[in-house]
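First comes the structure, then the notes that go with it.
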Amino acid sequence: MSSRTIRALALAATAVLSASLLSACGDDDSAGGSTSEASAIRLGYFPNITHAPALIGVNKGYFQTALGSTKLETKTFNAGPAAIEALFSGAIDATYIGPNPAINGWAQSKGSGLKIIAGSTSGGAGLVVKEGINSPADLKGKKIATPQLGNTQDVALRAWLKENGLNADTQGGGDVSVLPQDNATALQAFAQGSIDGAWVPEPNLSRLVLESKGKVLVNEKDLWPNGLFVTTHLIVTQDFLKKYPATVKKLLQGHLQALDEIEKDNAGAQKAANEQIKALSGKPLKDNVLESSFKNLTFTADPVASSLYTSAKHAEDVGLLKPVDLKGIYDLGPLNELLKAAGKPEISDSAA
């Protein structure tokens with residue numbers, strides 16, 4: 001065998017070996033990351049109707065069907081900070097979450113911990129008060145609950161109070177006493193008359209009205225352009241997105257299928273969401289609360305990016321967030337690829 005032939009065979013063997021190694025590593029220059037898929041993806045969500053696409057996606061098996069051989073593992077949370085902590089500790093890879101915990105997580109990780117990859121829910125929050133309170137001025141000296149200090153609804157209330165010339169400090173003092181407490185406690189406190197109102201998300205907003213004869217003083221959607229503002233969106237760790245973009249895209253396929261279900265069969269979607277709430281909490285929502293909540297919510301893949309930037313500014317204005325640069329917090333590329341393939345309009349992450 002000639003030396004030329006030996007060199008040719010050696011080069012061929014090297015090329016084959018290199019190709020094998022690249023394949024094993026999942027390298028794909030065109031995608032800028034791995035083409036391999038994860039053996040499992042750990043998804044967080046809340047047993048709350050504002051997370052209906054997650055509830056439906058799990059209940060109907062849309063996520064698992066889209067993921068194929070990748071195993072879906074789920075974990076539920078009752079508050080955004082706990083979900084962010086789990087995300088950053090490596091306990092979960094992705095989660096449905098509200099805007100302010102996502103902003104805080106972005107700030108804490110200095111822009112390296114997460115990406116917002118899709119919208120989920122808009123609307124479904126506001127201020128419910130007892131009879132006799134008819135204007136912002138009537139709230140002076142009153143006690144108003146929010147789910148948690150610095151959470152999405154807490155920031156919304158404090159910003160609204162400030163815009164209306166009322167102040168509230170983080171210790172419960174000021175013109176209005178803002179008392180962060182979990183939603184179950186707030187529902188009971190309002191029914192007993194120990195608080196005068198609460199700025200809460202669905203289904204608690206509807207429960208305060210239907211079960212305790214409260215009245216809506218502020219429907220938050222009335223404060224936003226076109227009545228749209230982000231209540232829940234889907235985030236993923238940057239590490240997982242970079243390593244397993246194909247898996248993330250399949251997760252989004254399941255998410256979009258759940259959104260389609262809500263649009264095409266709203267009654268069936270409500271039933272599936274309620275079944276999942278019952279499976280998680282042991283108790284479904286009452287039919288009238290479920291129906292009222294769904295009417296007050298808009299489910300959309302659009303994360304309403306402009307409202308996120310505004311929410312961050314609100315949090316800064318009321319002293320609950322240091323100035324933060326949110327540039328790069330979104331990665332809507334995989335979502336827009338799926339939307340384009342389905343003949344649907346692509347979504348912008350513009351702050352405007």
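Chain labels A, B, ... are given in the sequence in which chains occur in the structure tokens; within each chain residues are numbered consecutively from 1, and ligands are likewise numbered from 1 in the order shown.
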
Original post:
Skipping near chain neighbours, those fewer than 4 positions away, what residues fall within 9 Å of A:Gly124 using only C-alpha atoms, listed as a count of residues only?
Top reply: 16

**OP:** Please identify all polymer residues within 6 Å of stretch 44-49 of chain A, counting only C-alpha atoms, omitting same-chain residues fewer than 5 positions from it, and present them as a PyMOL selection string.
**Re:** chain A and resi 74-78+95-96+277

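Candidate residues A:Ala102, A:Ala125, A:Ala137, A:Ala118 were compared for distance to A:Pro53, and the nearest is A:Ala118, using only C-alpha atoms.
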
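Comparing the minimum interatomic distances between A:Lys271 and each of A:Val129, A:Lys286, A:Gln153, A:Gly68, counting only C-alpha atoms, we find that A:Lys286 sits nearest.
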
**OP:** Please indicate the distance in Å from atom CA of A:Ser39 to atom CA of A:Asp302, rounded to one decimal place.
**Re:**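 Between atom CA of A:Ser39 and atom CA of A:Asp302 the gap is 28.3 Å.
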